[in-house]
Amino acid sequence: MSGVHIGVDIGGTKIDAVVVDENAEVLGRHRIPVRRGPEGVVAATAEAVATLTAEAGITVADAATVGVGIPGTVTDGIVRYAQNLDLKELDLAGELGKLWGRGVYVENDVSAAAIGAWRLAAPDANSVAYLNLGTGLAAGIILDGRLWRGAYGAAGEIGYVSIDPRGPVDAEGVPGGLETYASGSGIVRQWGVPDSDARTIMAAAAKGDPAAEAIRERLYVGVASAIRVLVLAYDVEQVIVGGGLTGLGDTLLDGTTAVLDEWSEASSFLSSLALAKRTRMLEGYKPVAAIGAAMLGVEHG
């Protein structure tokens, strides 16, 4: 079974585990709710993988590589500041390695998703930015055919980039951050109604609600700004946009493209960068973070 790889995506609410082949095709999948805290994360990950491998008829030892994606800053397999999982610091690679008796690759979840999106959507590209629009906003970067982590593992954390010092304020008091403009949590924070979601707010915008329309316009500007930041900072061949907000469909792509085109008309330099042409939405739902985690140990990682 040397041709199979195991990947695990640890999210804020669930753990998604997959077995893939050498072409990143999913052969098996199992999902369970996540458990928070160091012991909970390790135990739930082990449980998800145990069920996955039993259903697939393999053992962890059979896999060529095993990889895990998880929120937070990750260096040398150690996870820090994964606040939604109640993790301040956890040697996740070490703990899982002891359980499974083998090496385990661990990366930030968006970085892992970048590898998955790259393998699935742009395998011939040498440089790719994966822009994840989910509960939060962040990017994973592929440069010269390799994952770029940065000096401290924080490459791609562009959700903290402020585009308007007078813009809406995030939970940490930072005004005008990209994450506030263009993430699920940011949109709900702007709306100010508990238990709402992005779809509800966008539906209100479609019906002409002025406050919702303003949030929708900021969403388009936020996504376009994130694309501009990624191209200007890394000059990647493609920006692949994924995450839950892409479920808004053509509305999101059309609105973002309109902003990019407006900027291109105003600036010959931005026009030369062909921002809209470099951008594509990830088509169809596939567990890109789990697939990318599975491929961490392959040459693309």
# chains A, B, ... in the order shown; residues from 1 in each chain; ligands from 1
>>> closest_atom_pairs(of="region 93-180 of chain A", to="region 269-290 of chain A", cutoff="9 Å", atoms="only C-alpha atoms", output="tab-separated table")
residue	atom	partner	partner_atom	distance
A:Asp109	CA	A:Ala289	CA	6.2
A:Val110	CA	A:Ala289	CA	6.8
A:Ser111	CA	A:Ala289	CA	8.1
A:Ala112	CA	A:Ala289	CA	5.3
A:Ala113	CA	A:Ala289	CA	3.7
A:Ala114	CA	A:Ala289	CA	7.4
A:Ile115	CA	A:Ala289	CA	7.9
A:Gly116	CA	A:Val288	CA	4.6
A:Ala117	CA	A:Val288	CA	5.8
A:Leu120	CA	A:Val288	CA	8.1
A:Ala121	CA	A:Leu282	CA	7.1
>>> write_last_selection(atoms="C-alpha atoms", output="mmCIF file, in the first residue's frame")
data_model
loop_
_atom_site.group_PDB
_atom_site.id
_atom_site.type_symbol
_atom_site.label_atom_id
_atom_site.label_comp_id
_atom_site.auth_asym_id
_atom_site.auth_seq_id
_atom_site.Cartn_x
_atom_site.Cartn_y
_atom_site.Cartn_z
ATOM 1 C CA ASP A 109 -4.588 24.092 7.621
ATOM 2 C CA VAL A 110 -4.684 26.775 4.925
ATOM 3 C CA SER A 111 -1.151 25.895 3.847
ATOM 4 C CA ALA A 112 -2.247 22.276 3.560
ATOM 5 C CA ALA A 113 -5.300 23.378 1.587
ATOM 6 C CA ALA A 114 -3.013 25.319 -0.753
ATOM 7 C CA ILE A 115 -1.240 22.087 -1.650
ATOM 8 C CA GLY A 116 -4.582 20.370 -2.210
ATOM 9 C CA ALA A 117 -5.934 23.186 -4.369
ATOM 10 C CA LEU A 120 -6.385 19.574 -7.996
ATOM 11 C CA ALA A 121 -6.772 22.856 -9.874
#
>>> select_by_dssp(residues="region 34-254 of chain A", states="strand (DSSP E or B)", output="MDAnalysis selection string")
chainID A and resid 65:70 73:75 78:82 87:91 105:108 128:133 137:143 146:148 162 169 175 177 238:242
>>> closest_atom_pairs(of="region 46-84 of chain A", to="region 151-172 of chain A", cutoff="12 Å", atoms="only C-alpha atoms", output="CSV")
residue,atom,partner,partner_atom,distance
A:Pro71,CA,A:Ala154,CA,11.3
A:Gly72,CA,A:Ala154,CA,8.9
A:Thr73,CA,A:Gly153,CA,5.8
A:Val74,CA,A:Gly153,CA,6.0
A:Thr75,CA,A:Gly153,CA,6.1
A:Asp76,CA,A:Gly153,CA,9.6
A:Gly77,CA,A:Gly153,CA,11.0
A:Ile78,CA,A:Gly153,CA,10.7
A:Val79,CA,A:Gly153,CA,10.2
A:Arg80,CA,A:Gly153,CA,10.2
A:Tyr81,CA,A:Ala154,CA,11.4
>>> write_last_selection(atoms="N, CA and C atoms", output="PDB file, in the first residue's frame")
ATOM      1  N   PRO A  71      -5.449  24.651  12.320  1.00  0.00           N
ATOM      2  CA  PRO A  71      -5.322  26.100  12.471  1.00  0.00           C
ATOM      3  C   PRO A  71      -4.168  26.467  13.400  1.00  0.00           C
ATOM      4  N   GLY A  72      -3.692  27.689  13.267  1.00  0.00           N
ATOM      5  CA  GLY A  72      -2.620  28.175  14.119  1.00  0.00           C
ATOM      6  C   GLY A  72      -1.307  28.285  13.376  1.00  0.00           C
ATOM      7  N   THR A  73      -0.303  28.729  14.088  1.00  0.00           N
ATOM      8  CA  THR A  73       1.053  28.810  13.552  1.00  0.00           C
ATOM      9  C   THR A  73       1.752  27.487  13.808  1.00  0.00           C
ATOM     10  N   VAL A  74       2.343  26.916  12.777  1.00  0.00           N
ATOM     11  CA  VAL A  74       2.973  25.602  12.902  1.00  0.00           C
ATOM     12  C   VAL A  74       4.435  25.692  12.475  1.00  0.00           C
ATOM     13  N   THR A  75       5.327  25.271  13.357  1.00  0.00           N
ATOM     14  CA  THR A  75       6.747  25.155  13.038  1.00  0.00           C
ATOM     15  C   THR A  75       7.263  23.847  13.624  1.00  0.00           C
ATOM     16  N   ASP A  76       7.948  23.064  12.780  1.00  0.00           N
ATOM     17  CA  ASP A  76       8.537  21.790  13.211  1.00  0.00           C
ATOM     18  C   ASP A  76       7.524  20.878  13.889  1.00  0.00           C
ATOM     19  N   GLY A  77       6.293  20.885  13.394  1.00  0.00           N
ATOM     20  CA  GLY A  77       5.266  20.001  13.933  1.00  0.00           C
ATOM     21  C   GLY A  77       4.601  20.491  15.197  1.00  0.00           C
ATOM     22  N   ILE A  78       5.023  21.662  15.697  1.00  0.00           N
ATOM     23  CA  ILE A  78       4.458  22.225  16.932  1.00  0.00           C
ATOM     24  C   ILE A  78       3.428  23.288  16.559  1.00  0.00           C
ATOM     25  N   VAL A  79       2.225  23.149  17.113  1.00  0.00           N
ATOM     26  CA  VAL A  79       1.119  24.060  16.828  1.00  0.00           C
ATOM     27  C   VAL A  79       1.024  25.092  17.952  1.00  0.00           C
ATOM     28  N   ARG A  80       0.916  26.365  17.557  1.00  0.00           N
ATOM     29  CA  ARG A  80       0.761  27.433  18.545  1.00  0.00           C
ATOM     30  C   ARG A  80      -0.399  28.338  18.146  1.00  0.00           C
ATOM     31  N   TYR A  81      -1.078  28.877  19.138  1.00  0.00           N
ATOM     32  CA  TYR A  81      -2.101  29.907  18.955  1.00  0.00           C
ATOM     33  C   TYR A  81      -3.288  29.440  18.114  1.00  0.00           C
TER      34      TYR A  81
END
>>> closest_residue(among="A:Thr45, A:Thr256, A:Ser185, A:Asn23", to="Ile70 (chain A)", atoms="only C-alpha atoms")
A:Thr45
>>> residues_around(residues="region 127-129 of chain A", least_positions_apart="4", cutoff="6 Å", atoms="only C-alpha atoms", output="PyMOL selection string")
chain A and resi 140-144+236-239
>>> residues_around(residues="region 209-222 of chain A", least_positions_apart="6", cutoff="7 Å", atoms="only C-alpha atoms", output="ChimeraX atom specification")
/A:178,181-182,187,201-202,252,255-256,259
>>> select_by_dssp(residues="region 78-228 of chain A", states="alpha helix (DSSP H)", output="ChimeraX atom specification")
/A:92-100,109-121,178-181,184-191,198-206,210-228
>>> residues_around(residues="Val42 (chain A)", least_positions_apart="4", cutoff="8 Å", atoms="only C-alpha atoms", output="MDAnalysis selection string")
chainID A and resid 38 46 92 95:96
>>> write_last_selection(atoms="C-alpha atoms", output="short mmCIF file (atom, residue, chain, number, x, y, z; two decimals), in the first residue's frame")
data_model
loop_
_atom_site.label_atom_id
_atom_site.label_comp_id
_atom_site.auth_asym_id
_atom_site.auth_seq_id
_atom_site.Cartn_x
_atom_site.Cartn_y
_atom_site.Cartn_z
CA PRO A 38 -4.50 19.20 23.64
CA ALA A 46 -6.55 9.22 16.46
CA LEU A 92 1.13 17.50 17.51
CA GLU A 95 2.16 13.14 20.03
CA LEU A 96 0.71 11.51 16.94
#
>>> closest_atom_pairs(of="region 74-99 of chain A", to="region 3-18 of chain A", cutoff="10 Å", atoms="only C-alpha atoms", output="JSON lines")
{"residue": "A:Ala82", "atom": "CA", "partner": "A:Gly12", "partner_atom": "CA", "distance": 9.2}
{"residue": "A:Gln83", "atom": "CA", "partner": "A:Gly12", "partner_atom": "CA", "distance": 9.2}
{"residue": "A:Asn84", "atom": "CA", "partner": "A:Gly12", "partner_atom": "CA", "distance": 5.8}
{"residue": "A:Leu85", "atom": "CA", "partner": "A:Gly12", "partner_atom": "CA", "distance": 6.2}
{"residue": "A:Asp86", "atom": "CA", "partner": "A:Gly12", "partner_atom": "CA", "distance": 9.9}
>>> write_last_selection(atoms="C-alpha atoms", output="short mmCIF file (atom, residue, chain, number, x, y, z; two decimals), in the first residue's frame")
data_model
loop_
_atom_site.label_atom_id
_atom_site.label_comp_id
_atom_site.auth_asym_id
_atom_site.auth_seq_id
_atom_site.Cartn_x
_atom_site.Cartn_y
_atom_site.Cartn_z
CA ALA A 82 -4.92 27.72 17.62
CA GLN A 83 -7.43 29.66 19.69
CA ASN A 84 -10.58 28.04 18.35
CA LEU A 85 -9.20 24.68 19.51
CA ASP A 86 -8.01 25.95 22.91
#
>>> closest_residue(among="A:Gly69, A:Ala125, A:Arg29, A:Val104", to="Glu55 (chain A)", atoms="only C-alpha atoms")
A:Arg29
